[in-house]
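Asks: PDB, C-alpha atoms, pLDDT in the B column, file work18.pdb:
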```
ATOM      1  CA  MET A  14       0.000   0.000   0.000  1.00 66.00           C
ATOM      2  CA  ALA A  15       1.350   3.409  -1.006  1.00 74.00           C
ATOM      3  CA  SER A  16       2.067   6.004   1.619  1.00 88.00           C
ATOM      4  CA  ILE A  17       0.247   9.308   1.676  1.00 88.00           C
ATOM      5  CA  ARG A  18       3.408  11.088   0.533  1.00 89.00           C
ATOM      6  CA  GLU A  19       3.729   8.835  -2.533  1.00 90.00           C
ATOM      7  CA  THR A  20       0.049   9.234  -3.350  1.00 90.00           C
ATOM      8  CA  MET A  21       0.254  13.020  -3.102  1.00 91.00           C
ATOM      9  CA  SER A  22       3.390  13.000  -5.255  1.00 91.00           C
ATOM     10  CA  THR A  23       1.619  10.926  -7.911  1.00 92.00           C
ATOM     11  CA  ILE A  24      -1.425  13.207  -7.893  1.00 93.00           C
ATOM     12  CA  SER A  25       0.778  16.309  -7.990  1.00 91.00           C
ATOM     13  CA  SER A  26       2.788  15.080 -10.971  1.00 92.00           C
ATOM     14  CA  GLY A  27      -0.402  14.119 -12.802  1.00 94.00           C
ATOM     15  CA  LEU A  28      -1.919  17.551 -12.231  1.00 91.00           C
ATOM     16  CA  LYS A  29       1.321  19.208 -13.340  1.00 90.00           C
ATOM     17  CA  SER A  30       1.286  17.217 -16.584  1.00 92.00           C
ATOM     18  CA  LEU A  31      -2.364  18.096 -17.161  1.00 93.00           C
ATOM     19  CA  THR A  32      -1.663  21.795 -16.556  1.00 87.00           C
ATOM     20  CA  GLU A  33       1.294  21.758 -18.946  1.00 90.00           C
ATOM     21  CA  LEU A  34      -0.894  20.123 -21.600  1.00 94.00           C
ATOM     22  CA  GLY A  35      -3.553  22.793 -21.083  1.00 90.00           C
ATOM     23  CA  VAL A  36      -1.050  25.638 -21.409  1.00 88.00           C
ATOM     24  CA  THR A  37       0.396  24.060 -24.555  1.00 92.00           C
ATOM     25  CA  LEU A  38      -3.069  23.739 -26.096  1.00 93.00           C
ATOM     26  CA  ILE A  39      -3.948  27.333 -25.220  1.00 90.00           C
ATOM     27  CA  LEU A  40      -0.734  28.577 -26.826  1.00 91.00           C
ATOM     28  CA  ALA A  41      -1.421  26.493 -29.934  1.00 94.00           C
ATOM     29  CA  PHE A  42      -4.965  27.888 -30.147  1.00 93.00           C
ATOM     30  CA  VAL A  43      -3.636  31.449 -29.765  1.00 91.00           C
ATOM     31  CA  VAL A  44      -1.247  30.879 -32.680  1.00 93.00           C
ATOM     32  CA  ILE A  45      -4.095  29.400 -34.754  1.00 93.00           C
ATOM     33  CA  ASP A  46      -6.323  32.355 -33.832  1.00 91.00           C
ATOM     34  CA  VAL A  47      -3.602  34.821 -34.885  1.00 90.00           C
ATOM     35  CA  LEU A  48      -3.032  33.079 -38.209  1.00 92.00           C
ATOM     36  CA  PHE A  49      -6.737  32.491 -38.883  1.00 91.00           C
ATOM     37  CA  PRO A  50      -8.762  35.156 -37.009  1.00 88.00           C
ATOM     38  CA  ASN A  51     -11.947  34.161 -35.151  1.00 84.00           C
ATOM     39  CA  THR A  52     -11.245  30.448 -35.571  1.00 86.00           C
ATOM     40  CA  THR A  53     -11.023  29.373 -31.939  1.00 88.00           C
ATOM     41  CA  GLY A  54     -12.077  32.476 -30.003  1.00 88.00           C
ATOM     42  CA  VAL A  55      -9.277  32.002 -27.461  1.00 88.00           C
ATOM     43  CA  ILE A  56      -7.971  35.549 -27.843  1.00 87.00           C
ATOM     44  CA  ALA A  57     -11.464  36.966 -27.284  1.00 89.00           C
ATOM     45  CA  ASN A  58     -11.902  34.811 -24.173  1.00 89.00           C
ATOM     46  CA  ILE A  59      -8.530  35.886 -22.764  1.00 85.00           C
ATOM     47  CA  GLY A  60      -9.529  39.497 -23.430  1.00 86.00           C
ATOM     48  CA  ASP A  61     -12.820  38.943 -21.593  1.00 89.00           C
ATOM     49  CA  ILE A  62     -11.013  37.478 -18.581  1.00 83.00           C
ATOM     50  CA  VAL A  63      -8.563  40.385 -18.412  1.00 81.00           C
ATOM     51  CA  ALA A  64     -11.443  42.861 -18.843  1.00 84.00           C
ATOM     52  CA  ALA A  65     -13.319  41.209 -15.976  1.00 82.00           C
ATOM     53  CA  PHE A  66     -10.292  41.594 -13.704  1.00 76.00           C
ATOM     54  CA  SER A  67      -9.586  45.168 -14.803  1.00 77.00           C
ATOM     55  CA  SER A  68     -13.204  46.301 -14.415  1.00 77.00           C
ATOM     56  CA  GLU A  69     -12.775  45.861 -10.665  1.00 75.00           C
ATOM     57  CA  GLY A  70     -10.047  48.499 -10.588  1.00 79.00           C
ATOM     58  CA  LEU A  71      -7.032  48.120  -8.346  1.00 80.00           C
ATOM     59  CA  VAL A  72      -8.461  45.108  -6.514  1.00 81.00           C
ATOM     60  CA  GLY A  73      -8.931  43.264  -9.805  1.00 78.00           C
ATOM     61  CA  LEU A  74      -5.427  44.146 -10.928  1.00 79.00           C
ATOM     62  CA  ILE A  75      -3.965  42.844  -7.668  1.00 83.00           C
ATOM     63  CA  ALA A  76      -6.039  39.662  -7.991  1.00 81.00           C
ATOM     64  CA  LEU A  77      -4.796  39.172 -11.557  1.00 78.00           C
ATOM     65  CA  LEU A  78      -1.170  39.652 -10.481  1.00 82.00           C
ATOM     66  CA  LEU A  79      -1.598  37.203  -7.589  1.00 84.00           C
ATOM     67  CA  PHE A  80      -3.150  34.669  -9.964  1.00 78.00           C
ATOM     68  CA  LEU A  81      -0.213  35.018 -12.351  1.00 78.00           C
ATOM     69  CA  LEU A  82       2.314  34.667  -9.521  1.00 82.00           C
ATOM     70  CA  LEU A  83       0.621  31.540  -8.196  1.00 80.00           C
ATOM     71  CA  PHE A  84       0.302  30.062 -11.677  1.00 71.00           C
ATOM     72  CA  LYS A  85       4.012  30.602 -12.328  1.00 72.00           C
ATOM     73  CA  GLN A  86       4.987  28.495  -9.309  1.00 62.00           C
TER
END
```
Would you mind writing the file's structure down as structure tokens?
Replies:
Amino acid sequence: MASIRETMSTISSGLKSLTELGVTLILAFVVIDVLFPNTTGVIANIGDIVAAFSSEGLVGLIALLLFLLLFKQ
């Protein structure tokens, strides 16, 4: 039977791989959307997310920066 530490390590590495796949797909869709406008809508969705954060003023900007810092780690 696996220890809790091994189980958490396995789950963590699986989530890391899934996140890396998601980021890679998003980047690929951004490139596709730049080459062929309005194909995937990813750029519009990213713009909507940034607009939602920025509409809240300074609090939204701080939240966006915290999100980016946490995502980077």
Asks: Quick one: pull the distance between atom CA of A:Gly35 and atom CA of A:Thr20, Å, one decimal.
Replies: 22.6 Å
Asks: For a test of reading the model, state the distance in Å between atom CA of A:Ile45 and atom CA of A:Leu77, rounded to one decimal.
Replies: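 According to the coordinates, atom CA of A:Ile45 and atom CA of A:Leu77 are separated by 25.2 Å.
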Asks: Show which residues sit within 10 Å of stretch 60-66 of chain A, as a ChimeraX atom specification. Count all atoms listed in the file, and ignore same-chain residues fewer than 6 positions away.
Replies: /A:54,72-78
Asks: So what do you get for atom CA of A:Ile59 versus atom CA of A:Lys29, distance-wise?
Replies: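 Atom CA of A:Lys29 lies at a distance of 21.5 Å from atom CA of A:Ile59.
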Asks: May I have the residues within 10 Å of A:Val44 as a PyMOL selection string, using all atoms listed in the file and disregarding those fewer than 6 positions away in the same chain?
Replies: chain A and resi 38+50+53+55-56
Asks: How big is the axis-aligned box around all listed atoms of stretch 39-56 of chain A once 8 Å goes on each side, and where's its centre, in Å to one decimal, as lines of an AutoDock Vina configuration file?
Replies:
```
center_x = -6.4
center_y = 31.0
center_z = -32.1
size_x = 27.3
size_y = 25.1
size_z = 29.7
```
Asks: Please rebuild stretch 47-59 of chain A with N, CA and C atoms and give the result as a PDB file, in the coordinates of the input.
Replies:
```pdb
ATOM      1  N   VAL A  47      -4.327  33.705 -34.267  1.00 90.00           N
ATOM      2  CA  VAL A  47      -3.602  34.821 -34.885  1.00 90.00           C
ATOM      3  C   VAL A  47      -3.493  34.604 -36.390  1.00 90.00           C
ATOM      4  N   LEU A  48      -3.181  33.374 -36.780  1.00 92.00           N
ATOM      5  CA  LEU A  48      -3.032  33.079 -38.209  1.00 92.00           C
ATOM      6  C   LEU A  48      -4.371  33.078 -38.946  1.00 92.00           C
ATOM      7  N   PHE A  49      -5.400  32.560 -38.294  1.00 91.00           N
ATOM      8  CA  PHE A  49      -6.737  32.491 -38.883  1.00 91.00           C
ATOM      9  C   PHE A  49      -7.718  33.120 -37.897  1.00 91.00           C
ATOM     10  N   PRO A  50      -7.947  34.437 -38.004  1.00 88.00           N
ATOM     11  CA  PRO A  50      -8.762  35.156 -37.009  1.00 88.00           C
ATOM     12  C   PRO A  50     -10.153  34.548 -36.817  1.00 88.00           C
ATOM     13  N   ASN A  51     -10.620  34.620 -35.565  1.00 84.00           N
ATOM     14  CA  ASN A  51     -11.947  34.161 -35.151  1.00 84.00           C
ATOM     15  C   ASN A  51     -12.171  32.675 -35.400  1.00 84.00           C
ATOM     16  N   THR A  52     -11.101  31.886 -35.388  1.00 86.00           N
ATOM     17  CA  THR A  52     -11.245  30.448 -35.571  1.00 86.00           C
ATOM     18  C   THR A  52     -11.581  29.756 -34.257  1.00 86.00           C
ATOM     19  N   THR A  53     -10.819  30.055 -33.219  1.00 88.00           N
ATOM     20  CA  THR A  53     -11.023  29.373 -31.939  1.00 88.00           C
ATOM     21  C   THR A  53     -11.670  30.267 -30.885  1.00 88.00           C
ATOM     22  N   GLY A  54     -11.508  31.558 -30.983  1.00 88.00           N
ATOM     23  CA  GLY A  54     -12.077  32.476 -30.003  1.00 88.00           C
ATOM     24  C   GLY A  54     -11.275  32.566 -28.712  1.00 88.00           C
ATOM     25  N   VAL A  55     -10.083  31.992 -28.679  1.00 88.00           N
ATOM     26  CA  VAL A  55      -9.277  32.002 -27.461  1.00 88.00           C
ATOM     27  C   VAL A  55      -8.838  33.415 -27.110  1.00 88.00           C
ATOM     28  N   ILE A  56      -8.437  34.181 -28.105  1.00 87.00           N
ATOM     29  CA  ILE A  56      -7.971  35.549 -27.843  1.00 87.00           C
ATOM     30  C   ILE A  56      -9.112  36.395 -27.279  1.00 87.00           C
ATOM     31  N   ALA A  57     -10.309  36.227 -27.805  1.00 89.00           N
ATOM     32  CA  ALA A  57     -11.464  36.966 -27.284  1.00 89.00           C
ATOM     33  C   ALA A  57     -11.761  36.558 -25.843  1.00 89.00           C
ATOM     34  N   ASN A  58     -11.652  35.278 -25.540  1.00 89.00           N
ATOM     35  CA  ASN A  58     -11.902  34.811 -24.173  1.00 89.00           C
ATOM     36  C   ASN A  58     -10.848  35.323 -23.201  1.00 89.00           C
ATOM     37  N   ILE A  59      -9.591  35.340 -23.618  1.00 85.00           N
ATOM     38  CA  ILE A  59      -8.530  35.886 -22.764  1.00 85.00           C
ATOM     39  C   ILE A  59      -8.780  37.374 -22.528  1.00 85.00           C
TER      40      ILE A  59
END
```
